[in-house]
Amino acid sequence: MSTLIYNATLLPCTAAMEVLPAGWVQIEGARIVALGTGAPPDLPDAEQIDAGGDVVMAGMVNTHCHMAMSLFRGLGEDVDDRLVRYILPLERRFVTPQMVGAGTALAAYESIEAGVTTIADMYYHEVEVGRVLDTAGLRGVVGQTIADFAPPDHANIDAGFTLVDQLVAAFAGHARVTPSIAPHAPYSTDIPVLARVARYAEAHPGVPVQIHLAEMDSEMDWAQRTHGCRPVEVVARAGLLRCGLIAAHCLHVNADEAARMAAAGVGVAHNARSNGKAGRGIAPVEAMREAGLAVGIATDGAMSGNTLDLFAQFAPVAMFQKLLGHSRARMPALEVIRMATIEGARVLGLAGQIGSIEPGKQADLIRVSLSAARQQPVYDVYSTLVFASVAEDVRDVMVAGRWLMRARAVQTLERKKLMRDALQLATAFKAEMHLIDTGRKIS
Ligand SMILES: [Zn+2]
């Protein structure tokens, strides 16, 4: 199966971040074999696609998500204690493989519609997440959560590690789904568990580690109180500051810590919208990148940031750094797109396979229309993508040479069924919330 896309505003998203007018890409099977500008090669047997000047760029990488939590989108929106009041009781009661499958399918559909082709997920029953990603045709890093607060799928840490073993066995050698181990956060695991995760990672070099790190003021207090240091140092003492660690949030990272994390080969997932909505603060993204850290863009779960679409992240990602630096020149639009593509792939350890349009890489790419009035005129295509485009501008999505969406029609998931499943669960959640609010819930 070969495909030729031509007449594109081609953004290969390689180090140079070039814009190739009248660009073309040749795809054979799952891989990109050639690209260029001007007259495309004569390939009469290939599927021919005239992009009509639309942007064709590398598929976007969401470096931190809890896909199944899309079922909690907007729930208890402005309730300060909603985690303890609603979410934890709902998770205890309702999180099953079926619920995770339903929430992940909803999230996968939304991701495809938004041009996200790779997602790093951490939640429960991750075998189910991997299955849904596989069916959807997406690429992902699926992280089984480990925590000591008796989460819904493991009563203790040993049981958590058993789930990790099952996940790794289920997806060993899978072309698109990478199994991962996800200690929830320093404060919900502590050093002995983190050290055990570090030993596990040492013994399983292909299994990345995901963690929430240096996210909250309360986490800073916990680290100081418990260990007399900062969260990054807690992770270092456990031996977990290592290549393959994907650290989400990283709001409280100073210059020394950034240098140390960069030297260790850690990747950072930046969740601007989620951090902003929770009032947590602003991650020092430019400082971390200047220290040599790869920083990708992430949505967090839809409970936190409401959308799994990177376009909705772009403005806060850029604006937060402009606000921090009191300068319009900070975090240029081109850098935002770099973070959403090749740098996000680096964060996940996948830059050898995805993140840019280059011969030999996987054919993960998207086509984005520039024809809306709100996008015109176009002086700088990166500025148009970051500040004037929305998810609905994505026309077509391809992963590993397979079309997941054509002309905004998702090809791989059944919309009616996943919407019905989500609605059914949301109805049950609402009934449970009513019991909680009226004091009739005995927990
Ligand atoms: Zn998170």
# chains A, B, ... in the order shown; residues from 1 in each chain; ligands from 1
>>> closest_atom_pairs(of="chain A", to="ligand 1", cutoff="7 Å", atoms="only C-alpha atoms and all ligand atoms", output="tab-separated table")
residue	atom	partner	partner_atom_place_in_ligand_line	distance
A:His64	CA	ligand 1	1 (Zn)	6.4
A:Cys65	CA	ligand 1	1 (Zn)	6.0
A:His66	CA	ligand 1	1 (Zn)	6.4
A:His212	CA	ligand 1	1 (Zn)	6.3
A:Ala248	CA	ligand 1	1 (Zn)	6.8
A:Asp300	CA	ligand 1	1 (Zn)	4.9
A:Gly301	CA	ligand 1	1 (Zn)	6.2
>>> write_last_selection(atoms="N, CA and C atoms", output="PDB file, in the first residue's frame")
ATOM      1  N   HIS A  64       1.204  13.266  28.416  1.00  0.00           N
ATOM      2  CA  HIS A  64       0.678  12.864  29.727  1.00  0.00           C
ATOM      3  C   HIS A  64      -0.843  12.947  29.725  1.00  0.00           C
ATOM      4  N   CYS A  65      -1.483  11.820  30.006  1.00  0.00           N
ATOM      5  CA  CYS A  65      -2.942  11.801  29.969  1.00  0.00           C
ATOM      6  C   CYS A  65      -3.465  10.695  30.881  1.00  0.00           C
ATOM      7  N   HIS A  66      -4.712  10.820  31.281  1.00  0.00           N
ATOM      8  CA  HIS A  66      -5.442   9.747  31.950  1.00  0.00           C
ATOM      9  C   HIS A  66      -6.705   9.598  31.115  1.00  0.00           C
ATOM     10  N   HIS A 212       4.016  11.634  38.352  1.00  0.00           N
ATOM     11  CA  HIS A 212       3.703  13.051  38.601  1.00  0.00           C
ATOM     12  C   HIS A 212       4.804  13.573  39.509  1.00  0.00           C
ATOM     13  N   ALA A 248       5.756  14.216  34.778  1.00  0.00           N
ATOM     14  CA  ALA A 248       4.670  15.137  34.446  1.00  0.00           C
ATOM     15  C   ALA A 248       4.633  16.301  35.431  1.00  0.00           C
ATOM     16  N   ASP A 300      -3.036  16.262  30.344  1.00  0.00           N
ATOM     17  CA  ASP A 300      -3.507  15.665  31.589  1.00  0.00           C
ATOM     18  C   ASP A 300      -4.880  15.031  31.308  1.00  0.00           C
ATOM     19  N   GLY A 301      -5.552  14.506  32.306  1.00  0.00           N
ATOM     20  CA  GLY A 301      -6.877  13.941  32.070  1.00  0.00           C
ATOM     21  C   GLY A 301      -7.881  15.048  31.800  1.00  0.00           C
TER      22      GLY A 301
END
>>> select_by_dssp(residues="range 112-205 of chain A", states="helix (DSSP H, G or I)", output="MDAnalysis selection string")
chainID A and resid 112:113 126:136 157:171 186:188 190:203
>>> write_last_selection(atoms="C-alpha atoms", output="PDB file, in the first residue's frame")
ATOM      1  CA  ILE A 112      -7.910  11.284  16.629  1.00  0.00           C
ATOM      2  CA  GLU A 113     -10.292  14.143  15.810  1.00  0.00           C
ATOM      3  CA  GLU A 126      -3.953  -0.397  31.566  1.00  0.00           C
ATOM      4  CA  VAL A 127      -4.190  -3.621  29.574  1.00  0.00           C
ATOM      5  CA  GLU A 128      -7.618  -2.316  28.602  1.00  0.00           C
ATOM      6  CA  VAL A 129      -6.127   1.067  27.609  1.00  0.00           C
ATOM      7  CA  GLY A 130      -3.603  -0.716  25.391  1.00  0.00           C
ATOM      8  CA  ARG A 131      -6.369  -2.745  23.763  1.00  0.00           C
ATOM      9  CA  VAL A 132      -8.436   0.341  22.962  1.00  0.00           C
ATOM     10  CA  LEU A 133      -5.403   2.198  21.548  1.00  0.00           C
ATOM     11  CA  ASP A 134      -4.625  -0.838  19.418  1.00  0.00           C
ATOM     12  CA  THR A 135      -8.194  -1.002  18.063  1.00  0.00           C
ATOM     13  CA  ALA A 136      -8.223   2.754  17.455  1.00  0.00           C
ATOM     14  CA  ILE A 157       2.120  -2.635  45.968  1.00  0.00           C
ATOM     15  CA  ASP A 158       2.815  -6.312  45.222  1.00  0.00           C
ATOM     16  CA  ALA A 159      -0.521  -6.561  43.434  1.00  0.00           C
ATOM     17  CA  GLY A 160       0.401  -3.401  41.489  1.00  0.00           C
ATOM     18  CA  PHE A 161       3.627  -4.985  40.278  1.00  0.00           C
ATOM     19  CA  THR A 162       1.688  -8.091  39.210  1.00  0.00           C
ATOM     20  CA  LEU A 163      -0.489  -5.836  37.024  1.00  0.00           C
ATOM     21  CA  VAL A 164       2.673  -4.297  35.535  1.00  0.00           C
ATOM     22  CA  ASP A 165       3.980  -7.786  34.699  1.00  0.00           C
ATOM     23  CA  GLN A 166       0.682  -8.642  33.016  1.00  0.00           C
ATOM     24  CA  LEU A 167       0.739  -5.397  31.030  1.00  0.00           C
ATOM     25  CA  VAL A 168       4.328  -5.914  29.875  1.00  0.00           C
ATOM     26  CA  ALA A 169       3.538  -9.502  28.847  1.00  0.00           C
ATOM     27  CA  ALA A 170       0.411  -8.391  26.958  1.00  0.00           C
ATOM     28  CA  PHE A 171       2.204  -5.792  24.829  1.00  0.00           C
ATOM     29  CA  PRO A 186       6.595  10.668  45.294  1.00  0.00           C
ATOM     30  CA  TYR A 187       4.074  11.391  48.093  1.00  0.00           C
ATOM     31  CA  SER A 188       1.797   8.477  47.145  1.00  0.00           C
ATOM     32  CA  ASP A 190       7.650   7.109  48.826  1.00  0.00           C
ATOM     33  CA  ILE A 191      11.264   6.019  48.500  1.00  0.00           C
ATOM     34  CA  PRO A 192      11.029   2.227  49.076  1.00  0.00           C
ATOM     35  CA  VAL A 193       8.396   1.830  46.331  1.00  0.00           C
ATOM     36  CA  LEU A 194      10.202   4.245  43.995  1.00  0.00           C
ATOM     37  CA  ALA A 195      13.429   2.303  44.558  1.00  0.00           C
ATOM     38  CA  ARG A 196      11.614  -0.912  43.662  1.00  0.00           C
ATOM     39  CA  VAL A 197      10.349   0.777  40.478  1.00  0.00           C
ATOM     40  CA  ALA A 198      13.933   1.852  39.718  1.00  0.00           C
ATOM     41  CA  ARG A 199      15.114  -1.756  40.060  1.00  0.00           C
ATOM     42  CA  TYR A 200      12.257  -2.859  37.816  1.00  0.00           C
ATOM     43  CA  ALA A 201      13.216  -0.243  35.196  1.00  0.00           C
ATOM     44  CA  GLU A 202      16.848  -1.346  35.377  1.00  0.00           C
ATOM     45  CA  ALA A 203      15.794  -4.932  34.645  1.00  0.00           C
TER      46      ALA A 203
END
>>> residues_around(residues="Val234 in chain A", least_positions_apart="2", cutoff="12 Å", atoms="only C-alpha atoms", output="number ranges by chain")
A: 185-187, 189-195, 213-214, 219-220, 222-232, 236-241, 257
>>> residues_around(residues="Arg242 in chain A", least_positions_apart="5", cutoff="7 Å", atoms="only C-alpha atoms", output="list in words")
Ala264, Gly265 and Val266 of chain A
>>> write_last_selection(atoms="N, CA and C atoms", output="JSON list (two decimals), in the first residue's frame")
[["chain", "number", "residue", "atom", "x", "y", "z"],
["A", 264, "ALA", "N", 20.53, 13.23, 33.38],
["A", 264, "ALA", "CA", 20.05, 11.86, 33.58],
["A", 264, "ALA", "C", 19.20, 11.37, 32.41],
["A", 265, "GLY", "N", 18.80, 12.30, 31.50],
["A", 265, "GLY", "CA", 17.98, 11.88, 30.36],
["A", 265, "GLY", "C", 16.50, 11.79, 30.67],
["A", 266, "VAL", "N", 16.05, 12.55, 31.66],
["A", 266, "VAL", "CA", 14.62, 12.58, 32.01],
["A", 266, "VAL", "C", 13.86, 13.42, 30.99]]
>>> select_by_dssp(residues="range 204-390 of chain A", states="strand (DSSP E or B)", output="PDB file with C-alpha atoms, in the first residue's frame")
ATOM      1  CA  VAL A 209       8.544   5.044  33.876  1.00  0.00           C
ATOM      2  CA  GLN A 210       5.881   7.745  34.264  1.00  0.00           C
ATOM      3  CA  ILE A 211       5.360   9.820  37.390  1.00  0.00           C
ATOM      4  CA  HIS A 212       3.703  13.051  38.601  1.00  0.00           C
ATOM      5  CA  LEU A 213       6.600  15.136  39.921  1.00  0.00           C
ATOM      6  CA  LEU A 245      11.644   8.623  33.239  1.00  0.00           C
ATOM      7  CA  ILE A 246       8.718  10.724  32.012  1.00  0.00           C
ATOM      8  CA  ALA A 247       8.018  13.362  34.664  1.00  0.00           C
ATOM      9  CA  ALA A 248       4.670  15.137  34.446  1.00  0.00           C
ATOM     10  CA  HIS A 249       4.179  18.744  35.647  1.00  0.00           C
ATOM     11  CA  GLY A 267      11.741  13.881  29.863  1.00  0.00           C
ATOM     12  CA  VAL A 268       9.130  16.378  31.059  1.00  0.00           C
ATOM     13  CA  ALA A 269       5.414  16.501  30.225  1.00  0.00           C
ATOM     14  CA  HIS A 270       4.082  20.070  30.514  1.00  0.00           C
ATOM     15  CA  ALA A 294      13.143  17.657  26.484  1.00  0.00           C
ATOM     16  CA  VAL A 295       9.714  19.093  27.328  1.00  0.00           C
ATOM     17  CA  GLY A 296       6.578  17.883  25.596  1.00  0.00           C
ATOM     18  CA  ILE A 297       3.025  19.214  25.679  1.00  0.00           C
ATOM     19  CA  GLN A 362       6.720   5.727  10.911  1.00  0.00           C
ATOM     20  CA  LEU A 365       1.050  12.485  10.098  1.00  0.00           C
ATOM     21  CA  ILE A 366      -1.893  14.848   9.989  1.00  0.00           C
ATOM     22  CA  ARG A 367      -3.427  17.275   7.518  1.00  0.00           C
ATOM     23  CA  VAL A 368      -4.654  20.606   8.879  1.00  0.00           C
TER      24      VAL A 368
END
>>> residues_around(residues="Ala22 in chain A", least_positions_apart="6", cutoff="8 Å", atoms="only C-alpha atoms", output="VMD selection string")
chain A and resid 6 to 10 37 to 38 53
>>> closest_residue(among="A:Leu75, A:Met69, A:Met319, A:Met433", to="Met99 in chain A", atoms="only C-alpha atoms")
A:Met69
>>> atom_distance(atom1="CA of Met398 in chain A", atom2="CA of Lys361 in chain A")
13.0 Å
>>> atom_distance(atom1="CA of Glu91 in chain A", atom2="CA of Pro152 in chain A")
6.5 Å
>>> closest_residue(among="A:Asp153, A:Val336, A:Asp217, A:Val79", to="Arg93 in chain A", atoms="only C-alpha atoms")
A:Asp153
>>> closest_residue(among="A:Leu423, A:Ile357, A:Val394, A:Val100", to="Leu35 in chain A", atoms="only C-alpha atoms")
A:Ile357
>>> atom_distance(atom1="CA of Gly115 in chain A", atom2="CA of Gly137 in chain A")
12.8 Å
>>> closest_residue(among="A:Pro316, A:Val347, A:Met303, A:Ala388", to="Arg82 in chain A", atoms="only C-alpha atoms")
A:Met303
>>> residues_around(residues="Phe94 in chain A", least_positions_apart="2", cutoff="9 Å", atoms="only C-alpha atoms", output="count of residues only")
10
>>> closest_residue(among="A:Val142, A:Val95, A:Ala16, A:Ala46", to="Thr3 in chain A", atoms="only C-alpha atoms")
A:Ala46
>>> closest_residue(among="A:Leu350, A:Met67, A:Ile146, A:Met331", to="Gly244 in chain A", atoms="only C-alpha atoms")
A:Leu350
